[in-house]
Amino acid sequence: MIFDIVKYLGLYCLLIALQVFVISNVNIANPVGLYFQPQLLVMFLLLLPPRMSHVWLIIVSFAAGLILDMFFNSMGINAAVCTLIGYLRYYVTRDIEKEISSREEDNKIWTSKKGRPWKWTYFITFILLYHFVFVMIESLGKNFFVISMPAVFISTIITFIFTITLEDLIYKPSKS
Amino acid sequence: MNSIFRYLKNKLHVLLFLLIEIFCIISIVRVNRYQSAFYFSNTRKAAGKMLEVNHSIFDYFGLYQKNQTLSNENLLLRKQLKDNYVIESRKVFTVNDTVYKQRFEYIPAEVIANTINLQNNYITINRGSSSGIEKDFGVFSPEGVVGRIIAVSENYSIVTSVLNSTFKLGCKIEEMNQAKGTIHWAGRDPNFIDYLEVNKYEQIKKGYHIVSSPYSQYLPENIPIGVIDRIETKPSDGFYTIKVKLAVNFGKISTVYVVKNLFNKEVEELAKKLKENAR
């Protein structure tokens, strides 16, 4: 239990550090003028254990978003989106524990136990939702098709690639 | 009771989610400038529309009083018509029309929201920048001085009422024909206002009429403010403590006129030049 908490805290700190010190400082040459801002925190919300109760999931998501908001001085935006993701995620993952607990593949993270198609759909759906709501609150629908939607899609793709890569790096199955 | 608790316990996650989201939305609107501007401009528009509908309904019931006010004003204006006067002097004057240049322009407006019970009261009127209204224009009603424009949107304006602790106006005592002192509302009774900075060596009496000063840049001269109701002197103070009964009943105010001073910009530019030269 304590090991799990430390593990997730470590992941959270890593993602916050990457977001604050790397992503927000990267100024990629952007000749077409497309705006994007990948939000890596969504990975933390998606990897939280499925056995967490709904109330705790909401509280942890809210706290995670609120702390990120403090770094970016965007009081409430990330917190609102994280809470929404935490609230909705429960309905997708609440039954997963029963389905995967019978399998003895403990060296794998729970997201990988239902197969790649499920995992990819799960990640893409929530990452897309996170960025869509985030950009909508931030831009309030201004230049929806020209700036907002391309920003959502580009950020989603980057975050998805990052999530898959980092997940593989951290939770690599041990070769035994 | 138990079933209510059980129901709430079952729905705790929904309640928690809604509470957190409400908290987040309030934070977003309060802290983030862009979202705050978007929220306030839209809610102000919606509130303005609602107030206008509300006003159009309740305005109907105040028509009798409004007619009375207008007919009184008509009477006053009729009295000032040229036909009512006889020429006493037989001298003939040739007057060049260009001698008189219009100084003030008036824009009629309806009050759609008004408060009188706060420390700082504001009035919302249904005319805005589309009618040529700008910040700092004066406002008066047929009864007297109402206030000054503080904020303008396309179709609405907010007026700092005389019943506002930040409002000050230079005055004139009609009977003495002398510009003296300023008015300031202490925030207690909406029918009375303090008349300040009048030296206690002035010979003023109860019942004297206080009107707007000729030196005001945003109101014409002689707009009624009120009548002196109480005069007190304190040995320690060099000024009178005067209470003036306001001419305007702010609780029933409905039609107002916004005053545009056509020379104001010229005066402002002159003052600006003076400041620049002084540096």
# chains A, B, ... in the order shown; residues from 1 in each chain; ligands from 1

call {"tool": "interface_residues", "arguments": {"of": "chain A", "to": "chain B", "cutoff": "6 Å", "atoms": "only C-alpha atoms", "output": "list of chain:residue names"}}
result
A:Val55, A:Met75, A:Gly76, A:Ala80

call {"tool": "select_by_dssp", "arguments": {"residues": "stretch 21-225 of chain B", "states": "helix (DSSP H, G or I)", "output": "PDB file with C-alpha atoms, in the first residue's frame"}}
result
ATOM      1  CA  GLU B  21     -16.400  21.859 -10.184  1.00  0.00           C
ATOM      2  CA  ILE B  22     -18.320  24.846  -8.789  1.00  0.00           C
ATOM      3  CA  PHE B  23     -15.265  25.789  -6.715  1.00  0.00           C
ATOM      4  CA  CYS B  24     -13.061  25.495  -9.812  1.00  0.00           C
ATOM      5  CA  ILE B  25     -15.399  27.597 -11.956  1.00  0.00           C
ATOM      6  CA  ILE B  26     -15.490  30.324  -9.290  1.00  0.00           C
ATOM      7  CA  SER B  27     -11.670  30.230  -9.069  1.00  0.00           C
ATOM      8  CA  ILE B  28     -11.322  30.394 -12.856  1.00  0.00           C
ATOM      9  CA  VAL B  29     -13.650  33.389 -13.099  1.00  0.00           C
ATOM     10  CA  ARG B  30     -12.053  35.194 -10.155  1.00  0.00           C
ATOM     11  CA  VAL B  31      -8.395  34.638 -10.918  1.00  0.00           C
ATOM     12  CA  ARG B  33      -8.367  37.631 -16.421  1.00  0.00           C
ATOM     13  CA  TYR B  34      -9.590  36.468 -19.821  1.00  0.00           C
ATOM     14  CA  GLN B  35     -12.219  34.121 -18.387  1.00  0.00           C
ATOM     15  CA  SER B  36     -13.245  36.782 -15.897  1.00  0.00           C
ATOM     16  CA  ALA B  37     -13.731  39.399 -18.643  1.00  0.00           C
ATOM     17  CA  PHE B  38     -15.703  36.899 -20.757  1.00  0.00           C
ATOM     18  CA  TYR B  39     -17.926  35.938 -17.828  1.00  0.00           C
ATOM     19  CA  PHE B  40     -18.625  39.455 -16.639  1.00  0.00           C
ATOM     20  CA  SER B  41     -19.264  40.933 -20.085  1.00  0.00           C
ATOM     21  CA  ASN B  42     -21.736  38.154 -20.914  1.00  0.00           C
ATOM     22  CA  THR B  43     -23.516  38.159 -17.569  1.00  0.00           C
ATOM     23  CA  ARG B  44     -23.747  41.956 -17.705  1.00  0.00           C
ATOM     24  CA  LYS B  45     -25.348  41.725 -21.133  1.00  0.00           C
ATOM     25  CA  ALA B  46     -27.829  39.099 -19.916  1.00  0.00           C
ATOM     26  CA  ALA B  47     -28.532  41.023 -16.710  1.00  0.00           C
ATOM     27  CA  GLY B  48     -29.023  44.206 -18.726  1.00  0.00           C
ATOM     28  CA  LYS B  49     -31.603  42.501 -20.925  1.00  0.00           C
ATOM     29  CA  MET B  50     -33.394  41.045 -17.901  1.00  0.00           C
ATOM     30  CA  LEU B  51     -33.439  44.386 -16.121  1.00  0.00           C
ATOM     31  CA  GLU B  52     -34.799  46.053 -19.243  1.00  0.00           C
ATOM     32  CA  VAL B  53     -37.667  43.547 -19.448  1.00  0.00           C
ATOM     33  CA  ASN B  54     -38.314  43.991 -15.737  1.00  0.00           C
ATOM     34  CA  HIS B  55     -38.229  47.752 -16.149  1.00  0.00           C
ATOM     35  CA  SER B  56     -40.592  47.721 -19.132  1.00  0.00           C
ATOM     36  CA  ILE B  57     -43.139  45.808 -17.017  1.00  0.00           C
ATOM     37  CA  PHE B  58     -42.894  47.934 -13.889  1.00  0.00           C
ATOM     38  CA  ASP B  59     -42.513  51.165 -15.831  1.00  0.00           C
ATOM     39  CA  TYR B  60     -46.122  50.831 -16.930  1.00  0.00           C
ATOM     40  CA  PHE B  61     -47.323  51.167 -13.339  1.00  0.00           C
ATOM     41  CA  LEU B  63     -46.748  56.133 -15.866  1.00  0.00           C
ATOM     42  CA  TYR B  64     -49.073  58.336 -13.830  1.00  0.00           C
ATOM     43  CA  GLN B  65     -46.234  59.745 -11.756  1.00  0.00           C
ATOM     44  CA  LYS B  66     -44.035  60.112 -14.797  1.00  0.00           C
ATOM     45  CA  ASN B  67     -46.769  62.081 -16.566  1.00  0.00           C
ATOM     46  CA  GLN B  68     -47.061  64.341 -13.560  1.00  0.00           C
ATOM     47  CA  THR B  69     -43.321  65.028 -13.555  1.00  0.00           C
ATOM     48  CA  LEU B  70     -43.290  65.706 -17.285  1.00  0.00           C
ATOM     49  CA  SER B  71     -46.290  68.017 -17.148  1.00  0.00           C
ATOM     50  CA  ASN B  72     -44.663  69.949 -14.281  1.00  0.00           C
ATOM     51  CA  GLU B  73     -41.521  70.271 -16.320  1.00  0.00           C
ATOM     52  CA  ASN B  74     -43.563  71.369 -19.358  1.00  0.00           C
ATOM     53  CA  LEU B  75     -45.219  74.005 -17.226  1.00  0.00           C
ATOM     54  CA  LEU B  76     -41.852  75.287 -16.107  1.00  0.00           C
ATOM     55  CA  LEU B  77     -40.577  75.428 -19.676  1.00  0.00           C
ATOM     56  CA  ARG B  78     -43.764  77.120 -20.912  1.00  0.00           C
ATOM     57  CA  LYS B  79     -43.224  79.816 -18.327  1.00  0.00           C
ATOM     58  CA  LYS B  82     -40.615  84.172 -25.166  1.00  0.00           C
ATOM     59  CA  ASP B  83     -44.386  84.772 -25.538  1.00  0.00           C
ATOM     60  CA  ASN B  84     -44.720  85.102 -21.795  1.00  0.00           C
ATOM     61  CA  ASP B  97     -26.388  84.545 -33.961  1.00  0.00           C
ATOM     62  CA  THR B  98     -22.863  83.266 -33.714  1.00  0.00           C
ATOM     63  CA  VAL B  99     -22.540  84.895 -30.309  1.00  0.00           C
ATOM     64  CA  SER B 129     -21.806  54.428 -26.200  1.00  0.00           C
ATOM     65  CA  SER B 130     -24.110  53.822 -29.199  1.00  0.00           C
ATOM     66  CA  SER B 131     -26.086  56.894 -28.079  1.00  0.00           C
TER      67      SER B 131
END

call {"tool": "closest_residue", "arguments": {"among": "A:Leu84, A:Leu169, A:Ala63, A:Ile164", "to": "A:Tyr130", "atoms": "only C-alpha atoms"}}
result
A:Leu84

call {"tool": "residues_around", "arguments": {"residues": "B:Leu219", "least_positions_apart": "4", "cutoff": "10 Å", "atoms": "only C-alpha atoms", "output": "VMD selection string"}}
result
chain B and resid 104 137 to 140 145 147 to 148 169 212 to 215 223 258 to 261

call {"tool": "residues_around", "arguments": {"residues": "B:Trp185", "least_positions_apart": "4", "cutoff": "7 Å", "atoms": "only C-alpha atoms", "output": "PyMOL selection string"}}
result
chain B and resi 162-165+193-194

call {"tool": "select_by_dssp", "arguments": {"residues": "stretch 9-154 of chain B", "states": "strand (DSSP E)", "output": "PyMOL selection string"}}
result
chain B and resi 104-114+120-125+138-140+145-152

call {"tool": "write_last_selection", "arguments": {"atoms": "N, CA and C atoms", "output": "PDB file, in the first residue's frame"}}
result
ATOM      1  N   PHE B 104     -24.141  72.539 -24.072  1.00  0.00           N
ATOM      2  CA  PHE B 104     -24.551  71.216 -23.593  1.00  0.00           C
ATOM      3  C   PHE B 104     -25.548  70.552 -24.537  1.00  0.00           C
ATOM      4  N   GLU B 105     -25.451  69.256 -24.612  1.00  0.00           N
ATOM      5  CA  GLU B 105     -26.410  68.458 -25.367  1.00  0.00           C
ATOM      6  C   GLU B 105     -27.019  67.451 -24.406  1.00  0.00           C
ATOM      7  N   TYR B 106     -28.269  67.096 -24.568  1.00  0.00           N
ATOM      8  CA  TYR B 106     -28.921  66.196 -23.616  1.00  0.00           C
ATOM      9  C   TYR B 106     -29.359  64.907 -24.304  1.00  0.00           C
ATOM     10  N   ILE B 107     -29.144  63.810 -23.616  1.00  0.00           N
ATOM     11  CA  ILE B 107     -29.551  62.504 -24.150  1.00  0.00           C
ATOM     12  C   ILE B 107     -30.536  61.894 -23.146  1.00  0.00           C
ATOM     13  N   PRO B 108     -31.796  61.722 -23.516  1.00  0.00           N
ATOM     14  CA  PRO B 108     -32.747  61.147 -22.561  1.00  0.00           C
ATOM     15  C   PRO B 108     -32.506  59.652 -22.366  1.00  0.00           C
ATOM     16  N   ALA B 109     -32.707  59.168 -21.164  1.00  0.00           N
ATOM     17  CA  ALA B 109     -32.499  57.739 -20.883  1.00  0.00           C
ATOM     18  C   ALA B 109     -33.459  57.284 -19.795  1.00  0.00           C
ATOM     19  N   GLU B 110     -33.648  55.975 -19.735  1.00  0.00           N
ATOM     20  CA  GLU B 110     -34.525  55.391 -18.712  1.00  0.00           C
ATOM     21  C   GLU B 110     -33.673  54.638 -17.699  1.00  0.00           C
ATOM     22  N   VAL B 111     -34.046  54.753 -16.440  1.00  0.00           N
ATOM     23  CA  VAL B 111     -33.341  54.016 -15.389  1.00  0.00           C
ATOM     24  C   VAL B 111     -33.861  52.582 -15.396  1.00  0.00           C
ATOM     25  N   ILE B 112     -32.935  51.615 -15.496  1.00  0.00           N
ATOM     26  CA  ILE B 112     -33.397  50.222 -15.478  1.00  0.00           C
ATOM     27  C   ILE B 112     -32.965  49.487 -14.219  1.00  0.00           C
ATOM     28  N   ALA B 113     -32.029  50.050 -13.480  1.00  0.00           N
ATOM     29  CA  ALA B 113     -31.678  49.461 -12.180  1.00  0.00           C
ATOM     30  C   ALA B 113     -31.158  50.572 -11.280  1.00  0.00           C
ATOM     31  N   ASN B 114     -31.467  50.467 -10.002  1.00  0.00           N
ATOM     32  CA  ASN B 114     -31.125  51.560  -9.098  1.00  0.00           C
ATOM     33  C   ASN B 114     -31.069  51.023  -7.672  1.00  0.00           C
ATOM     34  N   ASN B 120     -22.337  52.687  -1.416  1.00  0.00           N
ATOM     35  CA  ASN B 120     -22.056  53.243  -2.743  1.00  0.00           C
ATOM     36  C   ASN B 120     -23.136  52.780  -3.699  1.00  0.00           C
ATOM     37  N   ASN B 121     -24.004  53.699  -4.066  1.00  0.00           N
ATOM     38  CA  ASN B 121     -25.138  53.337  -4.925  1.00  0.00           C
ATOM     39  C   ASN B 121     -24.857  53.690  -6.375  1.00  0.00           C
ATOM     40  N   TYR B 122     -25.343  52.833  -7.247  1.00  0.00           N
ATOM     41  CA  TYR B 122     -25.166  53.044  -8.683  1.00  0.00           C
ATOM     42  C   TYR B 122     -26.520  52.911  -9.381  1.00  0.00           C
ATOM     43  N   ILE B 123     -26.620  53.568 -10.533  1.00  0.00           N
ATOM     44  CA  ILE B 123     -27.841  53.518 -11.321  1.00  0.00           C
ATOM     45  C   ILE B 123     -27.458  53.007 -12.702  1.00  0.00           C
ATOM     46  N   THR B 124     -28.253  52.098 -13.253  1.00  0.00           N
ATOM     47  CA  THR B 124     -27.998  51.621 -14.613  1.00  0.00           C
ATOM     48  C   THR B 124     -29.032  52.251 -15.541  1.00  0.00           C
ATOM     49  N   ILE B 125     -28.582  52.830 -16.641  1.00  0.00           N
ATOM     50  CA  ILE B 125     -29.510  53.428 -17.601  1.00  0.00           C
ATOM     51  C   ILE B 125     -29.393  52.719 -18.948  1.00  0.00           C
ATOM     52  N   GLY B 138     -22.419  64.117 -17.085  1.00  0.00           N
ATOM     53  CA  GLY B 138     -23.319  64.336 -15.953  1.00  0.00           C
ATOM     54  C   GLY B 138     -24.703  63.779 -16.234  1.00  0.00           C
ATOM     55  N   VAL B 139     -25.448  63.522 -15.163  1.00  0.00           N
ATOM     56  CA  VAL B 139     -26.813  62.983 -15.313  1.00  0.00           C
ATOM     57  C   VAL B 139     -27.733  63.740 -14.369  1.00  0.00           C
ATOM     58  N   PHE B 140     -28.883  64.181 -14.888  1.00  0.00           N
ATOM     59  CA  PHE B 140     -29.880  64.778 -13.998  1.00  0.00           C
ATOM     60  C   PHE B 140     -31.271  64.330 -14.414  1.00  0.00           C
ATOM     61  N   VAL B 145     -30.157  66.979  -9.789  1.00  0.00           N
ATOM     62  CA  VAL B 145     -28.921  66.252 -10.103  1.00  0.00           C
ATOM     63  C   VAL B 145     -29.020  64.787  -9.665  1.00  0.00           C
ATOM     64  N   VAL B 146     -28.562  63.894 -10.534  1.00  0.00           N
ATOM     65  CA  VAL B 146     -28.631  62.455 -10.246  1.00  0.00           C
ATOM     66  C   VAL B 146     -27.242  61.861 -10.038  1.00  0.00           C
ATOM     67  N   GLY B 147     -26.273  62.245 -10.874  1.00  0.00           N
ATOM     68  CA  GLY B 147     -24.933  61.673 -10.694  1.00  0.00           C
ATOM     69  C   GLY B 147     -24.055  61.872 -11.900  1.00  0.00           C
ATOM     70  N   ARG B 148     -23.106  60.969 -12.045  1.00  0.00           N
ATOM     71  CA  ARG B 148     -22.138  61.077 -13.136  1.00  0.00           C
ATOM     72  C   ARG B 148     -21.859  59.689 -13.706  1.00  0.00           C
ATOM     73  N   ILE B 149     -21.705  59.620 -15.036  1.00  0.00           N
ATOM     74  CA  ILE B 149     -21.448  58.331 -15.701  1.00  0.00           C
ATOM     75  C   ILE B 149     -20.071  57.808 -15.278  1.00  0.00           C
ATOM     76  N   ILE B 150     -20.048  56.534 -14.882  1.00  0.00           N
ATOM     77  CA  ILE B 150     -18.754  55.955 -14.457  1.00  0.00           C
ATOM     78  C   ILE B 150     -18.278  54.864 -15.409  1.00  0.00           C
ATOM     79  N   ALA B 151     -19.227  54.145 -16.041  1.00  0.00           N
ATOM     80  CA  ALA B 151     -18.840  53.087 -16.987  1.00  0.00           C
ATOM     81  C   ALA B 151     -19.872  53.009 -18.097  1.00  0.00           C
ATOM     82  N   VAL B 152     -19.379  52.717 -19.301  1.00  0.00           N
ATOM     83  CA  VAL B 152     -20.272  52.705 -20.464  1.00  0.00           C
ATOM     84  C   VAL B 152     -20.043  51.431 -21.270  1.00  0.00           C
TER      85      VAL B 152
END

call {"tool": "residues_around", "arguments": {"residues": "A:Leu40", "least_positions_apart": "3", "cutoff": "7 Å", "atoms": "only C-alpha atoms", "output": "CSV table (one decimal) with N, CA and C atoms, in the first residue's frame"}}
result
chain,number,residue,atom,x,y,z
A,15,LEU,N,6.1,13.9,-13.6
A,15,LEU,CA,5.3,14.5,-14.6
A,15,LEU,C,5.2,16.0,-14.4
A,19,GLN,N,6.5,18.7,-17.0
A,19,GLN,CA,5.6,19.8,-17.5
A,19,GLN,C,6.1,21.2,-17.2
A,43,MET,N,-1.7,11.5,-17.8
A,43,MET,CA,-1.1,10.2,-17.7
A,43,MET,C,-1.3,9.7,-16.2
A,159,THR,N,0.8,13.9,-26.4
A,159,THR,CA,0.7,13.4,-25.0
A,159,THR,C,0.5,11.8,-25.1
